[in-house]
Structure formats: C-alpha cells, structure tokens
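Next up, start.txt (compact mmCIF, C-alpha atoms and all ligand atoms):
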# COMPACT_ATOMS: atom_id res chain seq x y z
CA MET A 1 67.33 -17.10 14.78
CA THR A 2 71.06 -16.69 15.12
CA HIS A 3 71.88 -17.99 11.67
CA PRO A 4 71.87 -15.98 8.48
CA GLN A 5 69.14 -17.05 6.12
CA ARG A 6 67.51 -15.76 2.99
CA GLU A 7 63.88 -15.22 2.33
CA HIS A 8 62.18 -15.69 -0.97
CA ASN A 9 61.61 -12.21 -2.33
CA THR A 10 64.90 -10.39 -1.98
CA ASP A 11 68.64 -10.74 -2.37
CA ILE A 12 69.40 -8.52 0.61
CA PRO A 13 71.07 -10.62 3.32
CA PHE A 14 69.00 -11.56 6.35
CA LEU A 15 69.88 -9.44 9.40
CA PRO A 16 69.30 -11.53 12.54
CA TYR A 17 68.40 -9.86 15.84
CA GLY A 18 71.49 -11.35 17.47
CA ARG A 19 74.53 -13.31 16.43
CA GLN A 20 77.67 -14.78 18.01
CA ALA A 21 81.22 -13.91 16.96
CA VAL A 22 83.65 -16.85 16.92
CA ASP A 23 87.13 -16.41 15.47
CA ASP A 24 90.30 -18.45 14.96
CA ASP A 25 91.58 -17.69 18.48
CA ASP A 26 88.39 -19.19 19.88
CA ARG A 27 88.71 -22.27 17.67
CA ARG A 28 92.36 -22.74 18.68
CA ALA A 29 91.48 -22.47 22.37
CA VAL A 30 88.92 -25.27 22.04
CA TRP A 31 91.30 -27.38 19.95
CA GLU A 32 94.00 -27.17 22.63
CA VAL A 33 91.63 -28.54 25.24
CA LEU A 34 90.56 -31.33 22.87
CA THR A 35 94.15 -32.51 22.76
CA SER A 36 94.62 -32.27 26.56
CA ASP A 37 93.82 -34.72 29.37
CA TRP A 38 90.76 -32.91 30.73
CA LEU A 39 87.69 -32.46 28.55
CA THR A 40 85.51 -31.70 31.55
CA THR A 41 85.93 -30.94 35.29
CA GLY A 42 89.49 -29.87 34.49
CA PRO A 43 91.66 -26.78 34.95
CA LYS A 44 89.84 -24.63 32.35
CA VAL A 45 86.74 -24.65 34.55
CA ASP A 46 88.65 -23.10 37.48
CA GLU A 47 90.33 -20.63 35.17
CA PHE A 48 87.04 -19.53 33.60
CA GLU A 49 85.36 -19.27 37.00
CA ARG A 50 88.15 -17.04 38.32
CA ALA A 51 88.07 -14.85 35.20
CA TRP A 52 84.27 -14.52 35.29
CA ALA A 53 84.30 -13.69 39.01
CA GLU A 54 86.87 -10.99 38.33
CA PHE A 55 84.90 -9.60 35.41
CA CYS A 56 81.81 -9.44 37.63
CA GLY A 57 83.65 -7.97 40.61
CA ARG A 58 82.71 -10.87 42.90
CA ARG A 59 84.75 -13.25 45.03
CA ASP A 60 83.58 -16.35 43.21
CA ALA A 61 81.73 -17.64 40.16
CA VAL A 62 80.26 -21.09 39.63
CA ALA A 63 80.15 -22.29 36.02
CA VAL A 64 77.17 -24.40 34.97
CA SER A 65 75.72 -25.88 31.80
CA SER A 66 73.24 -23.09 30.98
CA GLY A 67 71.66 -19.88 32.23
CA THR A 68 68.62 -21.96 33.12
CA ALA A 69 70.80 -24.25 35.24
CA ALA A 70 72.33 -21.16 36.89
CA LEU A 71 68.88 -20.00 38.01
CA HIS A 72 67.94 -23.48 39.25
CA VAL A 73 71.22 -23.82 41.15
CA ALA A 74 70.78 -20.38 42.73
CA ALA A 75 67.19 -21.09 43.80
CA ALA A 76 68.24 -24.44 45.28
CA ALA A 77 71.22 -22.85 47.10
CA LEU A 78 68.83 -20.49 48.90
CA GLY A 79 66.88 -23.55 50.02
CA LEU A 80 63.69 -22.49 48.25
CA GLY A 81 61.08 -25.24 48.27
CA PRO A 82 57.39 -26.08 48.67
CA GLY A 83 55.53 -23.48 50.71
CA ASP A 84 57.97 -20.74 49.73
CA GLU A 85 57.13 -17.88 47.39
CA ALA A 86 59.39 -15.63 45.35
CA ILE A 87 58.71 -12.36 43.55
CA VAL A 88 59.41 -12.48 39.82
CA THR A 89 58.86 -10.31 36.76
CA PRO A 90 56.48 -11.29 33.95
CA LEU A 91 58.49 -9.70 31.14
CA THR A 92 61.24 -12.24 30.74
CA PHE A 93 62.21 -15.57 29.27
CA VAL A 94 60.30 -18.41 30.94
CA ALA A 95 63.50 -19.79 32.52
CA SER A 96 63.61 -16.86 34.99
CA VAL A 97 60.42 -18.18 36.60
CA ASN A 98 60.63 -21.90 35.80
CA CYS A 99 63.51 -22.19 38.28
CA LEU A 100 60.96 -21.74 41.08
CA LEU A 101 58.76 -24.51 39.70
CA TYR A 102 61.80 -26.84 39.59
CA VAL A 103 62.19 -26.50 43.38
CA GLY A 104 58.46 -26.52 44.17
CA ALA A 105 58.26 -22.82 45.12
CA LYS A 106 55.53 -20.47 43.97
CA PRO A 107 56.07 -17.45 41.70
CA VAL A 108 54.43 -14.14 42.64
CA PHE A 109 54.47 -11.73 39.69
CA ALA A 110 55.35 -8.08 40.26
CA ASP A 111 54.36 -5.87 37.34
CA VAL A 112 56.98 -3.77 35.55
CA ASP A 113 57.74 -0.07 35.35
CA PRO A 114 56.02 1.35 32.23
CA GLY A 115 59.12 3.21 31.01
CA THR A 116 61.96 0.75 31.59
CA LEU A 117 59.88 -2.46 31.69
CA LEU A 118 62.03 -3.53 34.68
CA MET A 119 60.49 -4.99 37.87
CA ASP A 120 58.72 -2.09 39.60
CA PRO A 121 59.94 -1.67 43.22
CA ARG A 122 56.54 -0.16 44.16
CA ARG A 123 54.84 -3.40 43.15
CA VAL A 124 57.43 -5.32 45.21
CA ALA A 125 56.50 -3.21 48.26
CA GLU A 126 52.78 -3.97 47.74
CA LEU A 127 53.42 -7.69 47.36
CA MET A 128 55.54 -7.71 50.54
CA GLN A 129 52.54 -6.21 52.37
CA MET A 130 50.25 -8.92 51.01
CA HIS A 131 52.50 -11.98 51.20
CA GLY A 132 54.76 -11.08 54.13
CA ASP A 133 57.27 -13.70 55.21
CA ARG A 134 56.13 -16.28 52.68
CA ILE A 135 58.37 -14.35 50.25
CA LYS A 136 61.78 -16.04 50.47
CA ALA A 137 63.49 -14.52 47.42
CA ILE A 138 63.21 -11.95 44.64
CA ILE A 139 64.37 -12.61 41.07
CA PRO A 140 64.59 -9.33 39.11
CA VAL A 141 65.67 -9.48 35.46
CA ASP A 142 67.97 -6.88 33.92
CA TYR A 143 65.70 -6.70 30.88
CA ALA A 144 67.43 -5.79 27.59
CA GLY A 145 70.68 -5.19 29.51
CA GLN A 146 69.65 -2.44 31.92
CA PRO A 147 70.24 -3.19 35.63
CA CYS A 148 67.10 -3.08 37.77
CA ASP A 149 66.83 -0.59 40.64
CA TYR A 150 68.19 -3.10 43.17
CA ASP A 151 68.52 -0.46 45.90
CA ALA A 152 64.81 0.28 45.70
CA ILE A 153 63.88 -3.41 45.50
CA ARG A 154 66.02 -4.17 48.57
CA GLY A 155 64.43 -1.20 50.33
CA ALA A 156 60.98 -2.60 49.56
CA ALA A 157 61.88 -6.05 50.90
CA PRO A 158 64.58 -5.70 53.56
CA GLY A 159 66.48 -8.92 54.25
CA VAL A 160 64.95 -10.91 51.40
CA PRO A 161 67.70 -12.55 49.28
CA ILE A 162 67.89 -11.33 45.69
CA ILE A 163 68.90 -13.49 42.74
CA ALA A 164 69.61 -11.22 39.77
CA ASP A 165 68.80 -12.74 36.41
CA ALA A 166 71.66 -10.87 34.75
CA CYS A 167 71.58 -12.93 31.55
CA HIS A 168 71.14 -9.68 29.58
CA SER A 169 73.49 -7.45 31.54
CA PRO A 170 77.11 -8.63 31.83
CA GLY A 171 79.22 -5.46 31.76
CA ALA A 172 76.33 -3.16 32.71
CA ARG A 173 76.64 -0.76 35.63
CA ASP A 174 74.36 1.07 38.02
CA LYS A 175 75.75 4.11 39.85
CA GLY A 176 79.15 2.84 38.74
CA ARG A 177 78.66 -0.59 40.35
CA LYS A 178 78.95 -3.68 38.15
CA ALA A 179 75.85 -5.71 37.26
CA GLY A 180 77.20 -8.86 38.92
CA THR A 181 77.50 -7.13 42.31
CA LEU A 182 74.04 -5.62 42.76
CA ALA A 183 72.28 -8.67 44.23
CA ASP A 184 73.22 -11.59 46.50
CA MET A 185 73.74 -13.77 43.45
CA ALA A 186 73.78 -12.94 39.74
CA CYS A 187 72.99 -15.52 37.06
CA PHE A 188 74.43 -15.34 33.55
CA SER A 189 73.91 -17.22 30.28
CA PHE A 190 76.47 -17.98 27.58
CA HIS A 191 73.99 -18.96 24.87
CA PRO A 192 75.13 -17.78 21.40
CA VAL A 193 72.68 -14.90 21.33
CA LYS A 194 74.04 -13.43 24.61
CA HIS A 195 77.10 -11.21 25.08
CA LEU A 196 79.64 -14.02 24.91
CA THR A 197 79.17 -17.68 24.21
CA THR A 198 80.22 -21.15 25.31
CA ALA A 199 77.55 -22.61 22.94
CA GLU A 200 75.44 -23.51 25.98
CA GLY A 201 76.58 -22.36 29.40
CA GLY A 202 75.95 -20.22 32.41
CA ALA A 203 77.42 -19.00 35.69
CA ILE A 204 76.44 -17.63 39.06
CA ALA A 205 78.52 -14.79 40.51
CA VAL A 206 78.54 -14.67 44.31
CA ASP A 207 80.51 -13.35 47.28
CA SER A 208 79.39 -15.92 49.85
CA PRO A 209 81.76 -18.95 50.07
CA GLU A 210 78.96 -21.03 51.64
CA LEU A 211 76.58 -20.40 48.74
CA ALA A 212 79.36 -21.07 46.22
CA ALA A 213 80.21 -24.39 47.88
CA ARG A 214 76.55 -25.44 47.98
CA MET A 215 76.15 -24.56 44.30
CA ARG A 216 79.24 -26.61 43.30
CA VAL A 217 77.82 -29.64 45.10
CA PHE A 218 74.38 -29.16 43.51
CA ARG A 219 75.81 -28.98 39.97
CA ASN A 220 77.59 -32.30 40.58
CA HIS A 221 74.76 -34.62 41.73
CA GLY A 222 74.94 -33.46 45.35
CA ILE A 223 78.26 -35.29 45.71
CA ASP A 224 80.83 -33.90 48.13
CA SER A 225 83.88 -34.18 45.83
CA ASP A 226 84.49 -34.05 42.10
CA HIS A 227 86.41 -36.35 39.76
CA ARG A 228 89.58 -34.27 39.70
CA SER A 229 89.79 -33.66 43.46
CA ARG A 230 89.50 -37.44 43.97
CA ALA A 231 92.17 -38.06 41.32
CA ASN A 232 94.45 -35.55 43.03
CA ALA A 233 93.84 -37.10 46.44
CA GLY A 234 94.37 -40.62 45.06
CA SER A 235 91.01 -41.65 46.47
CA TRP A 236 87.91 -43.36 45.07
CA PHE A 237 85.49 -42.56 47.90
CA TYR A 238 82.63 -40.12 47.49
CA ASP A 239 79.40 -39.40 49.28
CA MET A 240 76.16 -38.05 47.89
CA GLN A 241 74.76 -35.88 50.65
CA SER A 242 71.88 -34.17 48.88
CA LEU A 243 70.01 -34.48 45.59
CA GLY A 244 71.69 -32.57 42.78
CA PHE A 245 72.05 -32.63 39.02
CA ASN A 246 74.73 -32.88 36.37
CA TYR A 247 74.93 -29.19 35.49
CA ARG A 248 78.68 -29.11 34.78
CA LEU A 249 80.24 -26.94 32.09
CA THR A 250 82.97 -28.69 30.07
CA ASP A 251 86.60 -27.58 29.72
CA LEU A 252 86.01 -27.19 25.98
CA GLN A 253 83.31 -24.67 26.72
CA CYS A 254 85.28 -22.89 29.44
CA ALA A 255 88.22 -22.49 27.03
CA LEU A 256 85.83 -20.93 24.51
CA GLY A 257 84.41 -18.70 27.22
CA LEU A 258 87.89 -17.53 28.31
CA SER A 259 88.82 -16.70 24.74
CA GLN A 260 85.53 -14.85 24.20
CA LEU A 261 85.88 -12.97 27.49
CA GLY A 262 89.04 -11.33 26.15
CA LYS A 263 86.91 -9.58 23.52
CA LEU A 264 83.91 -8.69 25.66
CA ALA A 265 85.00 -5.14 26.52
CA VAL A 266 85.28 -4.24 22.82
CA TRP A 267 81.93 -5.88 22.06
CA LEU A 268 80.24 -3.98 24.89
CA GLU A 269 81.53 -0.68 23.50
CA ARG A 270 80.28 -1.60 20.05
CA ARG A 271 76.81 -2.52 21.39
CA LYS A 272 76.67 0.79 23.23
CA TYR A 273 77.67 2.71 20.11
CA LEU A 274 75.11 0.94 17.90
CA ALA A 275 72.36 1.50 20.50
CA LYS A 276 73.18 5.21 20.53
CA LEU A 277 73.02 5.31 16.74
CA TYR A 278 69.59 3.61 16.82
CA THR A 279 68.34 6.09 19.42
CA GLU A 280 69.50 9.04 17.29
CA LEU A 281 67.99 7.74 14.06
CA LEU A 282 64.71 6.58 15.61
CA ALA A 283 64.13 9.91 17.36
CA GLU A 284 62.82 11.17 14.03
CA ILE A 285 60.20 8.45 13.61
CA VAL A 286 56.90 9.25 15.31
CA GLY A 287 55.42 6.24 17.12
CA VAL A 288 58.69 4.35 17.61
CA GLU A 289 59.66 4.68 21.24
CA PRO A 290 62.89 3.22 22.71
CA LEU A 291 62.85 1.96 26.32
CA ALA A 292 63.58 4.51 29.05
CA VAL A 293 67.05 4.29 30.61
CA ARG A 294 67.30 5.05 34.35
CA ALA A 295 69.39 8.11 35.19
CA GLU A 296 72.35 6.29 36.73
CA ALA A 297 72.17 3.09 34.70
CA ASP A 298 74.74 2.15 32.08
CA PRO A 299 73.09 -0.76 30.20
CA ALA A 300 74.96 -3.61 28.52
CA TRP A 301 72.52 -3.44 25.55
CA HIS A 302 71.76 -7.11 25.03
CA LEU A 303 68.59 -6.13 23.15
CA TYR A 304 67.48 -2.94 21.47
CA VAL A 305 63.74 -2.84 22.25
CA VAL A 306 61.31 -0.23 20.97
CA ARG A 307 57.58 0.16 21.47
CA ILE A 308 55.39 0.61 18.41
CA ARG A 309 52.85 3.16 19.64
CA PRO A 310 49.39 3.84 18.14
CA GLU A 311 50.80 7.04 16.56
CA PHE A 312 52.87 4.84 14.26
CA GLY A 313 49.68 3.96 12.39
CA LYS A 314 50.48 0.24 12.10
CA ASP A 315 50.57 -2.24 14.94
CA ARG A 316 53.56 -4.24 16.15
CA ASP A 317 52.63 -7.46 14.38
CA ARG A 318 52.26 -5.60 11.10
CA VAL A 319 55.65 -3.88 11.58
CA PHE A 320 57.21 -7.23 12.47
CA ASP A 321 55.87 -8.79 9.24
CA GLU A 322 56.97 -5.88 7.09
CA LEU A 323 60.48 -5.92 8.59
CA ARG A 324 60.70 -9.67 7.98
CA ARG A 325 59.62 -9.11 4.39
CA ARG A 326 62.65 -6.82 4.10
CA ASN A 327 64.85 -9.58 5.57
CA ILE A 328 65.24 -7.77 8.87
CA GLY A 329 65.08 -10.23 11.76
CA ALA A 330 63.05 -8.32 14.30
CA ASN A 331 61.82 -10.30 17.29
CA VAL A 332 59.60 -10.01 20.36
CA HIS A 333 60.97 -10.30 23.91
CA TYR A 334 58.77 -11.47 25.57
CA ARG A 335 55.30 -12.88 25.94
CA PRO A 336 54.58 -12.33 29.67
CA VAL A 337 55.45 -15.57 31.48
CA HIS A 338 52.10 -15.90 33.27
CA THR A 339 50.20 -15.84 29.95
CA HIS A 340 51.85 -19.02 28.63
CA SER A 341 49.56 -22.06 28.49
CA TYR A 342 51.44 -23.98 31.17
CA TYR A 343 51.18 -21.09 33.64
CA ARG A 344 47.48 -20.60 32.90
CA LYS A 345 46.43 -24.25 32.84
CA ASN A 346 48.64 -25.72 35.55
CA LEU A 347 49.12 -22.79 37.88
CA GLY A 348 45.89 -20.83 37.37
CA PHE A 349 47.41 -17.51 36.30
CA ARG A 350 45.18 -15.22 34.24
CA GLU A 351 45.63 -12.36 31.86
CA GLY A 352 45.04 -9.06 33.63
CA LEU A 353 47.42 -9.94 36.48
CA CYS A 354 50.16 -7.57 35.23
CA PRO A 355 48.47 -4.92 33.06
CA VAL A 356 51.60 -2.84 32.44
CA ALA A 357 53.61 -5.80 31.14
CA GLU A 358 50.66 -7.13 29.15
CA ALA A 359 50.07 -3.78 27.41
CA ALA A 360 53.79 -3.45 26.67
CA ALA A 361 53.91 -7.01 25.31
CA ASN A 362 51.65 -5.96 22.45
CA GLU A 363 53.92 -3.07 21.48
CA ILE A 364 57.49 -4.26 22.01
CA LEU A 365 59.74 -5.07 19.12
CA THR A 366 63.39 -6.13 19.33
CA LEU A 367 65.57 -4.68 16.57
CA PRO A 368 68.79 -6.38 15.44
CA LEU A 369 71.77 -5.62 17.71
CA TRP A 370 75.07 -7.48 17.85
CA PRO A 371 78.68 -6.32 17.80
CA GLY A 372 79.45 -7.50 14.25
CA MET A 373 76.79 -5.21 12.76
CA ASP A 374 77.82 -2.26 10.60
CA ASP A 375 76.55 1.28 11.09
CA ASP A 376 74.80 0.75 7.76
CA ASP A 377 72.84 -2.18 9.16
CA VAL A 378 71.39 0.16 11.79
CA ARG A 379 70.60 2.72 9.09
CA ARG A 380 68.93 0.00 7.05
CA VAL A 381 66.61 -0.87 9.97
CA ALA A 382 65.77 2.78 10.74
CA ASP A 383 65.15 3.45 7.05
CA ALA A 384 62.87 0.40 6.80
CA LEU A 385 60.83 1.63 9.79
CA LEU A 386 60.49 5.04 8.17
CA ARG A 387 59.23 3.47 4.92
CA ILE A 388 56.88 1.09 6.73
CA ARG A 389 55.32 4.03 8.50
CA GLY A 390 54.72 5.65 5.10
C1 LIG B 1 68.90 -16.59 27.97
C2 LIG B 1 68.16 -16.34 29.21
C3 LIG B 1 67.99 -17.30 30.21
C4 LIG B 1 68.36 -18.74 30.01
O1 LIG B 1 69.62 -18.97 29.60
P1 LIG B 1 70.01 -20.32 28.82
O2 LIG B 1 71.50 -20.27 28.83
O3 LIG B 1 69.43 -20.23 27.46
O4 LIG B 1 69.46 -21.47 29.60
C5 LIG B 1 67.37 -16.93 31.39
N1 LIG B 1 66.92 -15.68 31.58
C6 LIG B 1 67.04 -14.74 30.63
C7 LIG B 1 66.52 -13.37 30.92
C8 LIG B 1 67.64 -15.03 29.42
O5 LIG B 1 67.72 -14.09 28.46
Spell out the structure here as structure tokens.
Ligand SMILES: *Cc1c(COP(=O)(O)O)cnc(C)c1O
Amino acid sequence: MTHPQREHNTDIPFLPYGRQAVDDDDRRAVWEVLTSDWLTTGPKVDEFERAWAEFCGRRDAVAVSSGTAALHVAAAALGLGPGDEAIVTPLTFVASVNCLLYVGAKPVFADVDPGTLLMDPRRVAELMQMHGDRIKAIIPVDYAGQPCDYDAIRGAAPGVPIIADACHSPGARDKGRKAGTLADMACFSFHPVKHLTTAEGGAIAVDSPELAARMRVFRNHGIDSDHRSRANAGSWFYDMQSLGFNYRLTDLQCALGLSQLGKLAVWLERRKYLAKLYTELLAEIVGVEPLAVRAEADPAWHLYVVRIRPEFGKDRDRVFDELRRRNIGANVHYRPVHTHSYYRKNLGFREGLCPVAEAAANEILTLPLWPGMDDDDVRRVADALLRIRG
C-alpha cells in the first residue's frame, strides 16, 4: 500500500496512493534518542506534545501510540460508557466508530452530505430530535482533509461534546481557524500514509487541562504518575486509580515526529498544489467528479477522492482495475462502517441506513496524492483516466 511495487505486465513504476517521506535528518533524530537515556516516557514526548499543540493552536496535546488509541482515549476522557450514544459518520475508517465499542457506547450513524461526503449537520439535527439526551458525543471526520461544518454541527446539538477525527486534516482551516481548534478535542494519526509519520502514533489536541490530565492517566494504565516523574521525585510509590491502557508513544517516535513536523508546512503546500493540478486536469473528463469543497474550507488534502459517475461509461471497480493494470495505485476510502460484517452481525446494522454514503461508496475512488509526487505523476493519472474512458 505504501511501498513501491511492480506488477507483471509493465515496467512503469507503481504509483502508490500515499507514501511517507523520511530523510537523513529524520534518521539522525531517531539515532540521537537511541543513544540517550530515555527511549520512552522521556523529554522528547513533552517536546513533541508542545510542538503539536502549537501547530494545532491548542493549549495542550497528548501523544499516544496510534490514531485509534487517540480516539479511544478521547472517548474514555468524556466518560462515555454503556447506555450512552454518540453520533458518527459512516464514511470513514472503522477506528472512528470502534472507539465507541471499546467503551461500551452505541454508535448512531448520521448520513453524509452528498457533495462533500462530510457528516451532514441536518442529519445530526434529526438524530438529536430522535435520540435526545442519550447522545453524549459527536465524532465528525474531516474526510479527505476537509474540515466538517463544526459550527452547524454544534448548532444542531448545543452542548454536546465534539471529538473531531482530524486524522486527515492536520493543517486544514475553516474560516481561517485551524483544524485542531474546531471541536472540543481533535484526534490525529501519524501512520505512514498520513501527513507526517512516527511509524505508528497519534495525538489528541485539547484546551481543557482536566481532559488532558485524564487522557495522560488513561494512556498510562490509569496510574497517577509516570516513570520519569517518579524518578525525578526519587519515589517508587504509584497508585492505579482507574482502568487504563499502555498507549504511550516512545521518545524514538516523538523525535521522528518532531523532525517530520519541521517539513509539514512545505508538504501541505505541495499537497494543495497537486490537488489543484488534479482538479484542473480532471475538469476535462466527463464522469469524473472531484468532491465538493465548502466555501470557507481550506482542506489539508490527505486524499484526492473523485466519484466515477454513470456518464463515465465504466463503473468504479472497472476503473480501479484498469488503473491498477497501469500500475497506478488507486484505492477506495471507505466501505461504510455499518456495512462491515461485524457491525451487521454483532450490532444489527443494515444496508439502507445511510443511503447517501452507500451510494457514494460505489462511486468513490482515491487517486494517488503525496508530497513526493511529480507534476508528471498527476498527468499520468489524468491521462490514464482519459484513456480508460475511451
Ligand atoms: C488513520 C485513521 C485512523 C486511525 O489511525 P491509526 O493511527 O492508523 O490507528 C482513524 N480515523 C481515520 C479517519 C483515519 O484515517
């Protein structure tokens, strides 16, 4: 997926849909930590958390071992549990919704807007009417890198805490405001296919000191102090006050994250430029329709998603196969969460629940987009689509 590979019938290099960029500075940063005293729970964690909080425009950031852990930690910090419900979007990676299952809460799916494929605030308003005060949280996803309309979602559910799944949107803005600041908490992932990587990793950006403290305890078994604070205090005593997990991010990873963060602004510009180039080139191909961008949104362009419409003459699966045959690593993000076997068999969800997302799911295609791509790579994809259409 994120590794170059060759397929049988061509010598053209494989173009993956996403790929990390790791350079000698990154390698040196990790090496330095390897030769230091703290491989984990050390000073690089604090440094990365401060840098990420600043990047997000929030008071604090809590580093954790993955984006999935970030969502679990955030759900737990809000105290979500059995009997609680939370509004989620179907068009996302399963982790955005699984976090509710981890804490015993129930997902309530709000269908998406047909143009942007972001959680539709009108559906949120309807669900608030039907479910009332059982709804204890909302988890919108900044799909493909575009921030959701958080103002409208908040307006539809006044007082309900919002956890943004911002795994696609670091660096995005809405009405000039940064993606990390639009909800009560914002969760990020540092998986290699995302904007910057720590191999595996994640973080929650937050303003509330209480929530940040609760999340730091939860990521460390529910214990009230960590290894380094005990070492500094010359004490051995600790107390586990609640049930938590080991969701810590290592100093090796935080050093990599800090080094990567220094390059993120340039990468964001490059993603934006390549997305614009795609939009220009694809405008000439009938039946290939990019996602709508909201008027005041400035997306971070994690994914470049198009819909293959009936006018194209071939369906999405056919286009996917023909791109793959040309060594172009298209992908599909995502199968709607409620249509996965586990959600159908164990939780009783059925197809037909979110018709807009389900119809879109048959047409969406993710085209390669990552900062190391050349302009010619984009031209190659657009040209392939033109030829496939015939
Ligand atoms: C990547 C991703 C996650 C999970 O992140 P991991 O770091 O892989 O655990 C969650 N939500 C969305 C929308 C993602 O893209």
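CA of Ala357 (chain A) sits 16.1 Å away from CA of Arg344 (chain A).
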How close does each residue of region 97-154 of chain A get to region 271-287 of chain A, giving the shortest atom pair and distance in Å to one decimal for every residue with an atom at most 12 Å away, counting only C-alpha atoms, sorted by chain and residue number, as JSON lines?
{"residue": "A:Ala144", "atom": "CA", "partner": "A:Ala275", "partner_atom": "CA", "distance": 11.3}
{"residue": "A:Gly145", "atom": "CA", "partner": "A:Arg271", "partner_atom": "CA", "distance": 10.5}
{"residue": "A:Gln146", "atom": "CA", "partner": "A:Lys272", "partner_atom": "CA", "distance": 11.6}
CA of Gly155 (chain A) and CA of Val124 (chain A) are how many Å apart?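 Interatomic distance, CA of Gly155 (chain A) to CA of Val124 (chain A): 9.6 Å.
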As an exercise, work out the distance from CA of Leu347 (chain A) to CA of Leu303 (chain A) in Å and give it to one decimal place. 29.6 Å
Set the cut-off to 7 Å, count only C-alpha atoms and all ligand atoms, and list whatever residues fall near ligand LIG 1 (chain B) as an mmCIF file with C-alpha atoms, in the frame of the given file.
data_model
loop_
_atom_site.group_PDB
_atom_site.id
_atom_site.type_symbol
_atom_site.label_atom_id
_atom_site.label_comp_id
_atom_site.auth_asym_id
_atom_site.auth_seq_id
_atom_site.Cartn_x
_atom_site.Cartn_y
_atom_site.Cartn_z
ATOM 1 C CA SER A 66 73.240 -23.090 30.980
ATOM 2 C CA GLY A 67 71.660 -19.880 32.230
ATOM 3 C CA THR A 68 68.620 -21.960 33.120
ATOM 4 C CA ALA A 69 70.800 -24.250 35.240
ATOM 5 C CA THR A 92 61.240 -12.240 30.740
ATOM 6 C CA PHE A 93 62.210 -15.570 29.270
ATOM 7 C CA ALA A 95 63.500 -19.790 32.520
ATOM 8 C CA SER A 96 63.610 -16.860 34.990
ATOM 9 C CA VAL A 141 65.670 -9.480 35.460
ATOM 10 C CA TYR A 143 65.700 -6.700 30.880
ATOM 11 C CA ASP A 165 68.800 -12.740 36.410
ATOM 12 C CA ALA A 166 71.660 -10.870 34.750
ATOM 13 C CA CYS A 167 71.580 -12.930 31.550
ATOM 14 C CA HIS A 168 71.140 -9.680 29.580
ATOM 15 C CA SER A 189 73.910 -17.220 30.280
ATOM 16 C CA PHE A 190 76.470 -17.980 27.580
ATOM 17 C CA HIS A 191 73.990 -18.960 24.870
ATOM 18 C CA LYS A 194 74.040 -13.430 24.610
ATOM 19 C CA GLU A 200 75.440 -23.510 25.980
ATOM 20 C CA GLY A 201 76.580 -22.360 29.400
ATOM 21 C CA GLY A 202 75.950 -20.220 32.410
#
I'd like the neighbourhood of region 372-374 of chain A as an MDAnalysis selection string, where a residue qualifies if any of its atoms comes within 9 Å (using all atoms listed in the file), though same-chain residues fewer than 6 positions away should be ignored. chainID A and resid 15 19:21 267 270 274
Put a box with edges along x, y and z around all the listed atoms of region 17-34 of chain A, pad it by 8 Å on each side, then give me its centre and sizes in Å, one decimal, as AutoDock Vina command-line options.
--center_x 81.2 --center_y -20.6 --center_z 20.1 --size_x 41.6 --size_y 37.5 --size_z 26.3
So that I can check the surroundings of region 97-99 of chain A, please list as a JSON list (two decimals) with C-alpha atoms, in the coordinates of the input every protein, DNA and RNA residue that reaches within 6 Å of it, counting all atoms listed in the file and ignoring chain neighbours fewer than 2 positions away.
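Listed below is the output, part32.json:
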[["chain", "number", "residue", "atom", "x", "y", "z"],
["A", 71, "LEU", "CA", 68.88, -20.00, 38.01],
["A", 72, "HIS", "CA", 67.94, -23.48, 39.25],
["A", 94, "VAL", "CA", 60.30, -18.41, 30.94],
["A", 95, "ALA", "CA", 63.50, -19.79, 32.52],
["A", 101, "LEU", "CA", 58.76, -24.51, 39.70],
["A", 102, "TYR", "CA", 61.80, -26.84, 39.59]]
Considering only C-alpha atoms, can you say which of A:Val381, A:Ile388, A:Met130, A:Ala76 comes closest to Phe312 (chain A)?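 Checking each of A:Val381, A:Ile388, A:Met130, A:Ala76 against Phe312 (chain A), counting only C-alpha atoms, the winner is A:Ile388.
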Completed region 17-21 of chain A (all heavy atoms) as an mmCIF file, keeping the file's coordinate frame:
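Below is the file that was written, result_37.cif:
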data_model
loop_
_atom_site.group_PDB
_atom_site.id
_atom_site.type_symbol
_atom_site.label_atom_id
_atom_site.label_comp_id
_atom_site.auth_asym_id
_atom_site.auth_seq_id
_atom_site.Cartn_x
_atom_site.Cartn_y
_atom_site.Cartn_z
ATOM 1 N N TYR A 17 68.463 -10.804 14.716
ATOM 2 C CA TYR A 17 68.400 -9.860 15.840
ATOM 3 C C TYR A 17 69.616 -9.995 16.757
ATOM 4 O O TYR A 17 69.963 -9.064 17.476
ATOM 5 C CB TYR A 17 67.091 -10.008 16.626
ATOM 6 C CG TYR A 17 67.111 -11.054 17.715
ATOM 7 C CD1 TYR A 17 67.531 -10.738 19.012
ATOM 8 C CD2 TYR A 17 66.698 -12.359 17.462
ATOM 9 C CE1 TYR A 17 67.554 -11.695 20.005
ATOM 10 C CE2 TYR A 17 66.720 -13.316 18.457
ATOM 11 C CZ TYR A 17 67.157 -12.982 19.731
ATOM 12 O OH TYR A 17 67.188 -13.929 20.712
ATOM 13 N N GLY A 18 70.278 -11.149 16.680
ATOM 14 C CA GLY A 18 71.490 -11.350 17.470
ATOM 15 C C GLY A 18 72.356 -12.392 16.809
ATOM 16 O O GLY A 18 71.853 -13.224 16.052
ATOM 17 N N ARG A 19 73.648 -12.330 17.069
ATOM 18 C CA ARG A 19 74.530 -13.310 16.430
ATOM 19 C C ARG A 19 75.863 -13.383 17.179
ATOM 20 O O ARG A 19 76.410 -12.358 17.574
ATOM 21 C CB ARG A 19 74.780 -12.918 14.982
ATOM 22 C CG ARG A 19 75.582 -13.924 14.219
ATOM 23 C CD ARG A 19 75.694 -13.595 12.738
ATOM 24 N NE ARG A 19 76.813 -14.332 12.167
ATOM 25 C CZ ARG A 19 76.809 -15.645 11.958
ATOM 26 N NH1 ARG A 19 75.769 -16.354 12.267
ATOM 27 N NH2 ARG A 19 77.868 -16.242 11.461
ATOM 28 N N GLN A 20 76.375 -14.596 17.339
ATOM 29 C CA GLN A 20 77.670 -14.780 18.010
ATOM 30 C C GLN A 20 78.826 -14.369 17.100
ATOM 31 O O GLN A 20 78.665 -14.295 15.885
ATOM 32 C CB GLN A 20 77.843 -16.246 18.423
ATOM 33 C CG GLN A 20 78.138 -17.214 17.286
ATOM 34 C CD GLN A 20 76.886 -17.731 16.588
ATOM 35 O OE1 GLN A 20 75.801 -17.185 16.760
ATOM 36 N NE2 GLN A 20 77.037 -18.761 15.790
ATOM 37 N N ALA A 21 79.998 -14.141 17.721
ATOM 38 C CA ALA A 21 81.220 -13.910 16.960
ATOM 39 C C ALA A 21 82.248 -14.935 17.446
ATOM 40 O O ALA A 21 82.632 -14.922 18.610
ATOM 41 C CB ALA A 21 81.729 -12.493 17.187
#
